[in-house]
file final_35.csv (CSV, C-alpha atoms)
chain,number,residue,atom,x,y,z
A,1,MET,CA,0.0,0.0,0.0
A,2,SER,CA,1.2,3.5,-0.9
A,3,LEU,CA,0.3,6.9,0.6
A,4,ILE,CA,0.2,9.8,-1.7
A,5,LEU,CA,-0.1,13.5,-1.1
A,6,GLY,CA,-2.1,15.2,-3.9
A,7,ILE,CA,-2.2,18.9,-4.8
A,8,GLU,CA,-4.6,20.6,-7.1
A,9,SER,CA,-4.5,24.2,-8.3
A,10,SER,CA,-5.4,24.2,-12.0
A,11,CYS,CA,-8.3,26.7,-11.8
A,12,ASP,CA,-10.0,28.4,-8.9
A,13,GLU,CA,-10.1,25.6,-6.3
A,14,THR,CA,-7.1,25.1,-4.1
A,15,ALA,CA,-6.9,21.5,-2.7
A,16,ALA,CA,-4.7,19.0,-0.9
A,17,ALA,CA,-5.4,15.4,0.0
A,18,LEU,CA,-3.9,12.2,1.4
A,19,VAL,CA,-5.1,9.1,-0.3
A,20,THR,CA,-3.9,5.5,-0.1
A,21,SER,CA,-3.6,3.0,-3.0
A,22,ASP,CA,-6.4,0.9,-1.3
A,23,ARG,CA,-8.8,3.8,-1.8
A,24,ARG,CA,-8.8,5.3,1.7
A,25,ILE,CA,-9.1,9.1,1.7
A,26,LEU,CA,-7.3,10.0,5.0
A,27,ALA,CA,-7.8,13.7,4.6
A,28,HIS,CA,-9.0,16.2,2.0
A,29,LYS,CA,-9.1,20.0,2.2
A,30,LEU,CA,-10.5,22.3,-0.5
A,31,ALA,CA,-10.8,26.1,-0.6
A,32,GLY,CA,-12.9,27.8,-3.2
A,33,GLN,CA,-12.6,31.3,-4.5
A,34,GLU,CA,-16.1,32.2,-5.6
A,35,ASN,CA,-16.3,35.4,-3.6
A,36,ALA,CA,-13.1,36.7,-5.2
A,37,HIS,CA,-14.3,36.0,-8.8
A,38,ARG,CA,-18.0,36.7,-8.4
A,39,PRO,CA,-17.8,40.4,-9.2
A,40,PHE,CA,-16.2,39.6,-12.6
A,41,GLY,CA,-18.7,36.8,-13.5
A,42,GLY,CA,-15.9,34.4,-14.2
A,43,VAL,CA,-12.4,33.2,-13.1
A,44,VAL,CA,-9.7,35.8,-13.2
A,45,PRO,CA,-6.4,33.9,-13.7
A,46,GLU,CA,-4.2,36.4,-11.8
A,47,ILE,CA,-6.5,36.5,-8.8
A,48,ALA,CA,-6.7,32.7,-8.8
A,49,ALA,CA,-2.9,32.3,-8.9
A,50,ARG,CA,-2.4,34.7,-6.0
A,51,ALA,CA,-5.0,32.9,-3.9
A,52,HIS,CA,-3.3,29.6,-4.5
A,53,VAL,CA,0.0,31.0,-3.2
A,54,GLU,CA,-1.7,32.3,0.0
A,55,ILE,CA,-3.9,29.2,0.6
A,56,LEU,CA,-2.0,26.1,-0.4
A,57,PRO,CA,0.7,25.9,2.3
A,58,GLY,CA,-1.9,26.0,5.0
A,59,LEU,CA,-4.0,23.3,3.3
A,60,ILE,CA,-1.1,20.9,3.1
A,61,GLU,CA,-0.3,21.4,6.8
A,62,ASP,CA,-4.0,20.8,7.6
A,63,VAL,CA,-4.3,17.5,5.7
A,64,LEU,CA,-1.1,16.2,7.3
A,65,ALA,CA,-2.3,17.2,10.7
A,66,GLU,CA,-5.8,15.8,10.2
A,67,ALA,CA,-4.4,12.4,9.1
A,68,ASP,CA,-1.7,12.5,11.8
A,69,VAL,CA,0.9,11.9,9.1
A,70,ASP,CA,4.4,13.3,8.8
A,71,ILE,CA,5.7,14.2,5.4
A,72,GLU,CA,8.3,11.5,5.8
A,73,GLU,CA,5.6,8.9,5.9
A,74,VAL,CA,4.3,9.9,2.4
A,75,ASP,CA,5.5,7.7,-0.4
A,76,ALA,CA,5.2,10.3,-3.2
A,77,ILE,CA,3.8,13.7,-4.0
A,78,ALA,CA,1.4,14.2,-6.9
A,79,ALA,CA,0.4,17.6,-8.3
A,80,THR,CA,-1.5,18.8,-11.3
A,81,ALA,CA,1.0,19.9,-13.9
A,82,GLY,CA,-1.6,20.8,-16.5
A,83,PRO,CA,-3.8,21.5,-18.3
A,84,GLY,CA,-5.2,24.6,-16.7
A,85,LEU,CA,-4.6,28.2,-15.9
A,86,ILE,CA,-0.8,28.3,-16.1
A,87,GLY,CA,-0.3,30.6,-13.1
A,88,GLY,CA,-2.2,28.3,-10.8
A,89,VAL,CA,-0.7,25.1,-12.3
A,90,MET,CA,2.8,26.6,-11.6
A,91,VAL,CA,1.9,27.3,-8.0
A,92,GLY,CA,0.9,23.8,-7.2
A,93,LEU,CA,3.6,22.1,-9.2
A,94,VAL,CA,6.4,24.2,-7.8
A,95,THR,CA,5.1,23.6,-4.3
A,96,ALA,CA,5.1,19.8,-4.9
A,97,LYS,CA,8.6,20.0,-6.3
A,98,GLY,CA,9.9,21.8,-3.2
A,99,LEU,CA,8.3,19.2,-0.9
A,100,ALA,CA,9.6,16.4,-3.0
A,101,LEU,CA,13.1,17.8,-3.0
A,102,SER,CA,13.2,18.6,0.7
A,103,ALA,CA,11.6,15.3,1.8
A,104,ARG,CA,13.4,13.3,-0.8
A,105,LYS,CA,10.2,11.9,-2.2
A,106,PRO,CA,9.2,11.0,-5.8
A,107,LEU,CA,7.3,13.5,-7.8
A,108,ILE,CA,4.3,12.7,-10.0
A,109,ALA,CA,3.5,15.5,-12.4
A,110,LEU,CA,-0.1,14.6,-13.2
A,111,ASN,CA,-2.3,15.4,-16.1
A,112,HIS,CA,-5.5,17.0,-14.5
A,113,LEU,CA,-7.6,15.2,-17.1
A,114,GLU,CA,-6.2,11.8,-16.0
A,115,GLY,CA,-7.3,12.7,-12.4
A,116,HIS,CA,-10.8,13.1,-13.7
A,117,ALA,CA,-10.6,10.0,-15.9
A,118,LEU,CA,-9.5,7.7,-13.1
A,119,SER,CA,-11.6,9.3,-10.3
A,120,PRO,CA,-14.6,6.9,-10.8
A,121,MET,CA,-12.3,4.0,-9.8
A,122,LEU,CA,-11.7,5.7,-6.5
A,123,ALA,CA,-15.4,5.3,-5.6
A,124,GLN,CA,-16.2,2.2,-7.6
A,125,PRO,CA,-13.7,-0.7,-6.9
A,126,ASP,CA,-15.4,-3.0,-9.4
A,127,LEU,CA,-14.8,-0.7,-12.4
A,128,ARG,CA,-12.4,-2.3,-14.9
A,129,PHE,CA,-10.5,-1.2,-18.0
A,130,PRO,CA,-11.4,-0.5,-20.7
A,131,TYR,CA,-14.3,1.8,-20.2
A,132,LEU,CA,-15.9,4.5,-22.2
A,133,LEU,CA,-15.5,7.9,-20.5
A,134,LEU,CA,-17.4,11.1,-21.2
A,135,LEU,CA,-15.1,13.7,-19.7
A,136,VAL,CA,-17.2,16.8,-19.5
A,137,SER,CA,-15.9,19.9,-17.7
A,138,GLY,CA,-15.4,23.7,-18.0
A,139,GLY,CA,-12.4,23.3,-20.2
A,140,HIS,CA,-12.9,20.0,-22.0
A,141,CYS,CA,-15.6,17.8,-23.5
A,142,GLN,CA,-14.2,14.5,-24.8
A,143,LEU,CA,-15.1,10.9,-25.3
A,144,LEU,CA,-12.2,8.6,-24.4
A,145,LEU,CA,-11.7,4.9,-24.3
A,146,VAL,CA,-9.8,4.4,-21.1
A,147,LYS,CA,-7.6,1.3,-21.6
A,148,GLY,CA,-5.3,1.6,-18.6
A,149,ILE,CA,-3.0,3.9,-16.6
A,150,GLY,CA,-1.6,6.4,-19.1
A,151,ARG,CA,-3.4,4.7,-22.0
A,152,TYR,CA,-6.2,6.7,-23.6
A,153,ARG,CA,-7.8,6.7,-27.0
A,154,ARG,CA,-9.7,9.8,-27.8
A,155,LEU,CA,-12.9,9.2,-29.8
A,156,ALA,CA,-14.3,12.7,-29.9
A,157,THR,CA,-13.6,16.2,-28.6
A,158,THR,CA,-15.1,19.7,-28.9
A,159,ILE,CA,-14.4,21.7,-32.0
A,160,ASP,CA,-15.0,25.0,-30.1
A,161,ASP,CA,-16.4,25.4,-26.5
A,162,ALA,CA,-16.6,22.8,-23.9
A,163,ALA,CA,-20.1,22.0,-22.4
A,164,GLY,CA,-19.1,23.4,-19.0
A,165,GLU,CA,-17.8,26.6,-20.6
A,166,ALA,CA,-21.2,26.9,-22.4
A,167,PHE,CA,-23.0,26.5,-19.1
A,168,ASP,CA,-20.9,29.1,-17.4
A,169,LYS,CA,-21.1,31.7,-20.2
A,170,SER,CA,-24.9,31.1,-20.7
A,171,ALA,CA,-25.4,31.7,-17.0
A,172,LYS,CA,-23.5,34.9,-17.2
A,173,LEU,CA,-25.6,36.0,-20.2
A,174,LEU,CA,-28.7,35.3,-18.3
A,175,GLY,CA,-27.5,37.0,-15.1
A,176,ILE,CA,-28.5,34.1,-12.9
A,177,GLY,CA,-25.4,33.8,-10.7
A,178,PHE,CA,-21.9,32.4,-10.3
A,179,PRO,CA,-20.5,29.7,-10.4
A,180,GLY,CA,-22.5,29.4,-13.6
A,181,GLY,CA,-23.0,25.7,-13.9
A,182,PRO,CA,-24.8,25.1,-10.6
A,183,ALA,CA,-26.7,28.4,-11.0
A,184,LEU,CA,-28.0,27.5,-14.4
A,185,GLU,CA,-29.1,24.0,-13.2
A,186,ARG,CA,-31.0,25.6,-10.3
A,187,ALA,CA,-32.7,28.0,-12.7
A,188,ALA,CA,-33.6,25.2,-15.2
A,189,LYS,CA,-35.6,23.5,-12.5
A,190,GLU,CA,-38.0,26.4,-12.6
A,191,GLY,CA,-38.3,26.5,-16.4
A,192,ASN,CA,-39.8,24.7,-19.3
A,193,PRO,CA,-37.2,22.7,-21.3
A,194,THR,CA,-39.3,22.9,-24.5
A,195,ALA,CA,-40.2,26.6,-24.3
A,196,VAL,CA,-37.2,28.0,-26.3
A,197,PRO,CA,-36.2,26.5,-29.7
A,198,LEU,CA,-32.5,26.0,-29.5
A,199,PRO,CA,-30.1,24.2,-31.8
A,200,ARG,CA,-28.5,20.8,-31.2
A,201,PRO,CA,-25.1,21.3,-32.9
A,202,LEU,CA,-23.7,18.2,-34.7
A,203,VAL,CA,-26.6,16.0,-33.5
A,204,GLY,CA,-27.0,13.2,-36.1
A,205,SER,CA,-23.7,14.2,-37.8
A,206,SER,CA,-21.2,11.6,-39.0
A,207,GLU,CA,-18.5,13.8,-37.5
A,208,PRO,CA,-17.9,12.4,-34.0
A,209,HIS,CA,-17.2,15.6,-32.2
A,210,PHE,CA,-19.0,18.2,-30.0
A,211,SER,CA,-19.8,21.8,-30.6
A,212,PHE,CA,-21.4,24.3,-28.2
A,213,ALA,CA,-20.4,27.7,-29.4
A,214,GLY,CA,-23.5,28.1,-31.6
A,215,LEU,CA,-25.8,27.0,-28.8
A,216,LYS,CA,-24.3,29.7,-26.5
A,217,SER,CA,-24.9,32.3,-29.2
A,218,ALA,CA,-28.5,31.1,-29.5
A,219,VAL,CA,-28.9,31.7,-25.8
A,220,LEU,CA,-27.8,35.3,-26.3
A,221,ARG,CA,-30.4,35.7,-29.1
A,222,ALA,CA,-33.1,34.2,-27.0
A,223,ARG,CA,-32.3,36.5,-24.2
A,224,ASP,CA,-32.2,39.6,-26.4
A,225,CYS,CA,-35.5,38.9,-28.1
A,226,GLY,CA,-37.4,39.5,-24.9
A,227,LEU,CA,-39.9,36.7,-25.4
A,228,HIS,CA,-38.6,34.2,-22.8
A,229,SER,CA,-37.9,34.1,-19.1
A,230,ALA,CA,-34.4,33.3,-17.9
A,231,GLU,CA,-35.7,30.1,-16.3
A,232,ASP,CA,-37.2,28.9,-19.6
A,233,ILE,CA,-34.0,29.7,-21.5
A,234,ALA,CA,-31.9,27.9,-18.8
A,235,ALA,CA,-34.1,24.8,-19.0
A,236,SER,CA,-34.1,24.7,-22.8
A,237,PHE,CA,-30.3,25.2,-22.9
A,238,GLN,CA,-29.7,22.4,-20.4
A,239,GLN,CA,-31.9,20.1,-22.4
A,240,ALA,CA,-30.1,21.0,-25.6
A,241,VAL,CA,-26.8,20.1,-23.9
A,242,VAL,CA,-28.1,16.8,-22.7
A,243,ASP,CA,-29.4,15.9,-26.1
A,244,CYS,CA,-26.0,16.7,-27.7
A,245,LEU,CA,-24.1,14.7,-25.0
A,246,LEU,CA,-26.5,11.7,-25.5
A,247,ASP,CA,-26.2,11.7,-29.3
A,248,ARG,CA,-22.5,11.9,-29.4
A,249,THR,CA,-22.0,9.4,-26.6
A,250,ARG,CA,-24.4,7.0,-28.3
A,251,ARG,CA,-22.3,7.2,-31.4
A,252,ALA,CA,-19.1,6.6,-29.5
A,253,LEU,CA,-20.5,3.5,-27.9
A,254,GLY,CA,-20.7,2.0,-31.4
A,255,ALA,CA,-16.9,2.5,-31.7
A,256,ALA,CA,-15.9,1.5,-28.2
A,257,ASN,CA,-15.7,-2.3,-28.7
A,258,GLY,CA,-15.3,-4.2,-25.5
A,259,ALA,CA,-16.1,-1.3,-23.1
A,260,THR,CA,-17.0,-2.6,-19.7
A,261,ALA,CA,-19.0,0.5,-18.6
A,262,LEU,CA,-20.2,3.9,-19.5
A,263,VAL,CA,-18.5,6.4,-17.2
A,264,VAL,CA,-18.8,10.2,-16.8
A,265,ALA,CA,-16.4,12.5,-15.0
A,266,GLY,CA,-15.7,16.2,-14.7
A,267,GLY,CA,-17.6,19.2,-13.3
A,268,VAL,CA,-20.6,18.8,-15.6
A,269,ALA,CA,-21.0,15.2,-14.4
A,270,ALA,CA,-22.4,16.7,-11.2
A,271,ASN,CA,-25.5,17.9,-13.2
A,272,GLN,CA,-28.4,15.6,-12.3
A,273,SER,CA,-30.1,15.9,-15.8
A,274,VAL,CA,-26.9,14.8,-17.4
A,275,ARG,CA,-26.6,11.9,-15.0
A,276,THR,CA,-30.1,10.7,-15.5
A,277,ALA,CA,-29.9,10.8,-19.2
A,278,LEU,CA,-26.6,8.9,-19.3
A,279,THR,CA,-28.0,6.3,-16.9
A,280,GLY,CA,-30.7,5.6,-19.4
A,281,LEU,CA,-28.3,5.4,-22.3
A,282,ALA,CA,-26.1,2.9,-20.4
A,283,ALA,CA,-29.2,0.8,-19.8
A,284,GLU,CA,-30.0,0.8,-23.5
A,285,HIS,CA,-26.6,-0.7,-24.2
A,286,ARG,CA,-26.8,-3.1,-21.2
A,287,LEU,CA,-23.7,-1.5,-19.6
A,288,PRO,CA,-23.1,-0.4,-16.0
A,289,PHE,CA,-23.2,3.4,-15.6
A,290,VAL,CA,-20.5,4.8,-13.2
A,291,ALA,CA,-20.2,8.4,-12.0
A,292,PRO,CA,-18.2,9.6,-9.0
A,293,PRO,CA,-19.9,11.2,-6.0
A,294,LEU,CA,-20.8,14.8,-6.7
A,295,TRP,CA,-17.8,16.2,-4.7
A,296,LEU,CA,-15.4,14.1,-6.8
A,297,CYS,CA,-16.7,15.5,-10.1
A,298,THR,CA,-15.5,19.0,-9.5
A,299,ASP,CA,-11.8,19.8,-9.2
A,300,ASN,CA,-10.3,18.2,-6.1
A,301,ALA,CA,-7.1,16.8,-4.8
A,302,ALA,CA,-8.4,13.4,-3.9
A,303,MET,CA,-8.6,12.4,-7.6
A,304,ILE,CA,-5.0,13.8,-8.1
A,305,ALA,CA,-3.7,11.8,-5.2
A,306,TRP,CA,-5.6,8.6,-6.4
A,307,ALA,CA,-4.3,8.9,-9.9
A,308,GLY,CA,-0.9,9.6,-8.4
A,309,ALA,CA,-1.1,6.4,-6.4
A,310,LEU,CA,-1.9,4.4,-9.6
A,311,ARG,CA,0.9,5.9,-11.5
A,312,PHE,CA,3.3,5.5,-8.6
A,313,GLU,CA,2.5,1.8,-8.2
A,314,ALA,CA,3.0,1.4,-12.0
A,315,GLY,CA,6.5,3.0,-11.7
A,316,LEU,CA,5.5,6.2,-13.5
A,317,ILE,CA,7.3,9.0,-11.7
A,318,ASP,CA,8.7,12.3,-13.0
A,319,GLY,CA,11.8,14.4,-12.6
A,320,LEU,CA,12.0,17.7,-10.9
A,321,ASP,CA,12.3,19.3,-14.4
A,322,ALA,CA,8.7,18.3,-15.2
A,323,PRO,CA,7.1,21.3,-16.9
A,324,ALA,CA,3.8,23.1,-16.2
A,325,ARG,CA,1.5,23.0,-19.2
A,326,ALA,CA,-1.5,25.1,-20.1
A,327,ARG,CA,-2.5,22.5,-22.7
A,328,TRP,CA,-1.9,18.7,-22.4
A,329,PRO,CA,-3.9,16.2,-24.3
A,330,LEU,CA,-4.5,12.7,-22.8
A,331,ASP,CA,-4.2,11.2,-26.3
A,332,PRO,CA,-1.4,13.1,-28.1
A,333,ASP,CA,-1.7,10.8,-31.1
A,334,ALA,CA,-5.3,11.6,-31.7
A,335,GLU,CA,-6.2,13.1,-35.1
A,336,LYS,CA,-6.5,16.9,-34.8
A,337,ALA,CA,-10.1,17.9,-34.8
A,338,ARG,CA,-11.4,20.6,-37.0
A,339,GLY,CA,-11.2,23.9,-35.0
A,340,ALA,CA,-10.0,22.3,-31.8
A,341,GLY,CA,-6.3,23.1,-32.2
A,342,VAL,CA,-4.0,22.2,-29.3
A,343,LYS,CA,-7.0,22.1,-26.9
A,344,ALA,CA,-7.9,18.7,-28.2
call {"tool": "encode", "arguments": {"input": "final_35.csv", "output": "structure tokens"}}
result
Amino acid sequence: MSLILGIESSCDETAAALVTSDRRILAHKLAGQENAHRPFGGVVPEIAARAHVEILPGLIEDVLAEADVDIEEVDAIAATAGPGLIGGVMVGLVTAKGLALSARKPLIALNHLEGHALSPMLAQPDLRFPYLLLLVSGGHCQLLLVKGIGRYRRLATTIDDAAGEAFDKSAKLLGIGFPGGPALERAAKEGNPTAVPLPRPLVGSSEPHFSFAGLKSAVLRARDCGLHSAEDIAASFQQAVVDCLLDRTRRALGAANGATALVVAGGVAANQSVRTALTGLAAEHRLPFVAPPLWLCTDNAAMIAWAGALRFEAGLIDGLDAPARARWPLDPDAEKARGAGVKA
């Protein structure tokens, strides 16, 4: 059994955790920054990076104290090394490097997306490779065949905005609160999902990918026409996203031969409408549906420590020269998608 200290600082959550390779979360601390970013209606990278600098050392001390563990007892230190807001990524990675150097511990420079991709295994011990993963968050929307630790085949990606980005920006357009994803989901509960005719980009297309930029623009037009309430627009937007995710995932299931389960991860995986729809899709294909607990869907350090434990036990460790990366695809060999650029 190994014990891993995980550090996450890729966006606007600062987090630290201690997790064992037998799935025990000994301690987890997370500090959000909603109040700092709320006046701007979105995350300001400079504010986020400065907050990480101020918060992270105390969080690490807190998790060690809560678990009654000395840094010498930790087997390795895992930190998000990308992708994400580069200032925040650098804060967490440099902190991990300093701890690894001073305590003479191995460093695991982790891909944040791999943390999301493997997080369902932390909560579901029976999940086995290979599984089809819908990774849906604020920065990414991908379908991946997860074959093993460090082995990912990308089947689809977004050619423009991610679904979570569309949620956040639509919430800002409607003026219904921040963080945008949860605020829009709350507003959607009060609206009619069939009230506003919104597009379903790429639904039914032979192209495997996602697109949400046009849907976001349609939300702006629906708002400006003055004919619909914010709640109806929110509900109709959410239903459009669900329809797009279902259609694209159904298509990917046809190409994911041998998949043991349909799995969802990432911040948007906390959305109950998305979960309900995917549960039904998995049942159609006679596959188990696996989703992490809600708190493991959003950015956290437990998933970083867990993925670090899996990589550590596989002998996958990194040097102290590991770079921080703003962009870092899980499948670097995937064919470049139209419009996606390096984000894919």
call {"tool": "closest_residue", "arguments": {"input": "final_35.csv", "among": "A:Ala302, A:Ala188, A:Val19, A:Ala337", "to": "A:Thr157", "atoms": "only C-alpha atoms"}}
result
A:Ala337
call {"tool": "residues_near_point", "arguments": {"input": "final_35.csv", "point": "(-25.1, 30.3, -8.4)", "cutoff": "12 Å", "atoms": "all atoms listed in the file", "output": "PyMOL selection string"}}
result
chain A and resi 34-35+38+41-42+167-168+171-172+174-187
call {"tool": "closest_residue", "arguments": {"input": "final_35.csv", "among": "A:Leu26, A:Ala76, A:Ala15, A:Leu107", "to": "A:Ile60", "atoms": "only C-alpha atoms"}}
result
A:Ala15
call {"tool": "atom_distance", "arguments": {"input": "final_35.csv", "atom1": "atom CA of A:Glu190", "atom2": "atom CA of A:Ser229"}}
result
10.1 Å
call {"tool": "residues_around", "arguments": {"input": "final_35.csv", "residues": "A:Gly191", "least_positions_apart": "6", "cutoff": "7 Å", "atoms": "all atoms listed in the file", "output": "PyMOL selection string"}}
result
chain A and resi 231-232+234-235
call {"tool": "residues_near_point", "arguments": {"input": "final_35.csv", "point": "(-28.1, 8.7, -26.9)", "cutoff": "12 Å", "atoms": "only C-alpha atoms", "output": "tab-separated table (two decimals) with C-alpha atoms, keeping the file's coordinate frame"}}
result
chain	number	residue	atom	x	y	z
A	203	VAL	CA	-26.60	16.00	-33.50
A	204	GLY	CA	-27.00	13.20	-36.10
A	241	VAL	CA	-26.80	20.10	-23.90
A	242	VAL	CA	-28.10	16.80	-22.70
A	243	ASP	CA	-29.40	15.90	-26.10
A	244	CYS	CA	-26.00	16.70	-27.70
A	245	LEU	CA	-24.10	14.70	-25.00
A	246	LEU	CA	-26.50	11.70	-25.50
A	247	ASP	CA	-26.20	11.70	-29.30
A	248	ARG	CA	-22.50	11.90	-29.40
A	249	THR	CA	-22.00	9.40	-26.60
A	250	ARG	CA	-24.40	7.00	-28.30
A	251	ARG	CA	-22.30	7.20	-31.40
A	252	ALA	CA	-19.10	6.60	-29.50
A	253	LEU	CA	-20.50	3.50	-27.90
A	254	GLY	CA	-20.70	2.00	-31.40
A	262	LEU	CA	-20.20	3.90	-19.50
A	274	VAL	CA	-26.90	14.80	-17.40
A	276	THR	CA	-30.10	10.70	-15.50
A	277	ALA	CA	-29.90	10.80	-19.20
A	278	LEU	CA	-26.60	8.90	-19.30
A	279	THR	CA	-28.00	6.30	-16.90
A	280	GLY	CA	-30.70	5.60	-19.40
A	281	LEU	CA	-28.30	5.40	-22.30
A	282	ALA	CA	-26.10	2.90	-20.40
A	283	ALA	CA	-29.20	0.80	-19.80
A	284	GLU	CA	-30.00	0.80	-23.50
A	285	HIS	CA	-26.60	-0.70	-24.20
call {"tool": "atom_distance", "arguments": {"input": "final_35.csv", "atom1": "atom CA of A:Pro106", "atom2": "atom CA of A:Arg327"}}
result
23.6 Å
call {"tool": "closest_residue", "arguments": {"input": "final_35.csv", "among": "A:Glu313, A:Ala65, A:Val91, A:Ser119", "to": "A:Met1", "atoms": "all atoms listed in the file"}}
result
A:Glu313
call {"tool": "closest_residue", "arguments": {"input": "final_35.csv", "among": "A:Gly115, A:Pro288, A:Gly319, A:Gly88", "to": "A:Thr260", "atoms": "only C-alpha atoms"}}
result
A:Pro288
call {"tool": "atom_distance", "arguments": {"input": "final_35.csv", "atom1": "atom CA of A:Phe312", "atom2": "atom CA of A:Ser2"}}
result
8.2 Å
call {"tool": "closest_residue", "arguments": {"input": "final_35.csv", "among": "A:Arg325, A:Lys336, A:Lys29, A:His140", "to": "A:Gly87", "atoms": "all atoms listed in the file"}}
result
A:Arg325
call {"tool": "residues_around", "arguments": {"input": "final_35.csv", "residues": "A:Pro201", "least_positions_apart": "2", "cutoff": "9 Å", "atoms": "only C-alpha atoms", "output": "PyMOL selection string"}}
result
chain A and resi 199+203-205+210-215+240+244
call {"tool": "residues_around", "arguments": {"input": "final_35.csv", "residues": "A:Ala78", "least_positions_apart": "3", "cutoff": "8 Å", "atoms": "only C-alpha atoms", "output": "short mmCIF file (atom, residue, chain, number, x, y, z; two decimals) with C-alpha atoms, in the coordinates of the input"}}
result
data_model
loop_
_atom_site.label_atom_id
_atom_site.label_comp_id
_atom_site.auth_asym_id
_atom_site.auth_seq_id
_atom_site.Cartn_x
_atom_site.Cartn_y
_atom_site.Cartn_z
CA ILE A 4 0.20 9.80 -1.70
CA LEU A 5 -0.10 13.50 -1.10
CA GLY A 6 -2.10 15.20 -3.90
CA ILE A 7 -2.20 18.90 -4.80
CA ALA A 96 5.10 19.80 -4.90
CA LEU A 107 7.30 13.50 -7.80
CA ILE A 108 4.30 12.70 -10.00
CA ALA A 109 3.50 15.50 -12.40
CA LEU A 110 -0.10 14.60 -13.20
CA ILE A 304 -5.00 13.80 -8.10
CA ALA A 305 -3.70 11.80 -5.20
CA GLY A 308 -0.90 9.60 -8.40
#
call {"tool": "residues_around", "arguments": {"input": "final_35.csv", "residues": "A:Arg128", "least_positions_apart": "4", "cutoff": "12 Å", "atoms": "only C-alpha atoms", "output": "count of residues only"}}
result
19
call {"tool": "build_atoms", "arguments": {"input": "final_35.csv", "residues": "stretch 50-64 of chain A", "atoms": "N, CA and C atoms", "output": "short mmCIF file (atom, residue, chain, number, x, y, z; two decimals), in the frame of the given file"}}
result
data_model
loop_
_atom_site.label_atom_id
_atom_site.label_comp_id
_atom_site.auth_asym_id
_atom_site.auth_seq_id
_atom_site.Cartn_x
_atom_site.Cartn_y
_atom_site.Cartn_z
N ARG A 50 -2.77 34.10 -7.28
CA ARG A 50 -2.40 34.70 -6.00
C ARG A 50 -3.03 34.02 -4.82
N ALA A 51 -4.29 33.64 -5.01
CA ALA A 51 -5.00 32.90 -3.90
C ALA A 51 -4.35 31.58 -3.65
N HIS A 52 -3.95 30.87 -4.70
CA HIS A 52 -3.30 29.60 -4.50
C HIS A 52 -2.01 29.75 -3.66
N VAL A 53 -1.25 30.79 -3.97
CA VAL A 53 0.00 31.00 -3.20
C VAL A 53 -0.31 31.23 -1.73
N GLU A 54 -1.38 31.96 -1.43
CA GLU A 54 -1.70 32.30 0.00
C GLU A 54 -2.31 31.06 0.69
N ILE A 55 -3.07 30.24 -0.02
CA ILE A 55 -3.90 29.20 0.60
C ILE A 55 -3.18 27.86 0.72
N LEU A 56 -2.43 27.48 -0.32
CA LEU A 56 -2.00 26.10 -0.40
C LEU A 56 -1.08 25.61 0.70
N PRO A 57 -0.09 26.39 1.18
CA PRO A 57 0.70 25.90 2.30
C PRO A 57 -0.07 25.46 3.51
N GLY A 58 -1.04 26.28 3.87
CA GLY A 58 -1.90 26.00 5.00
C GLY A 58 -2.72 24.73 4.83
N LEU A 59 -3.23 24.53 3.59
CA LEU A 59 -4.00 23.30 3.30
C LEU A 59 -3.20 22.07 3.45
N ILE A 60 -1.98 22.11 2.96
CA ILE A 60 -1.10 20.90 3.10
C ILE A 60 -0.83 20.62 4.53
N GLU A 61 -0.55 21.64 5.32
CA GLU A 61 -0.30 21.40 6.80
C GLU A 61 -1.59 20.84 7.41
N ASP A 62 -2.75 21.31 6.99
CA ASP A 62 -4.00 20.80 7.60
C ASP A 62 -4.27 19.36 7.28
N VAL A 63 -4.02 18.92 6.04
CA VAL A 63 -4.30 17.50 5.70
C VAL A 63 -3.32 16.59 6.44
N LEU A 64 -2.08 17.01 6.56
CA LEU A 64 -1.10 16.20 7.30
C LEU A 64 -1.49 16.09 8.75
#
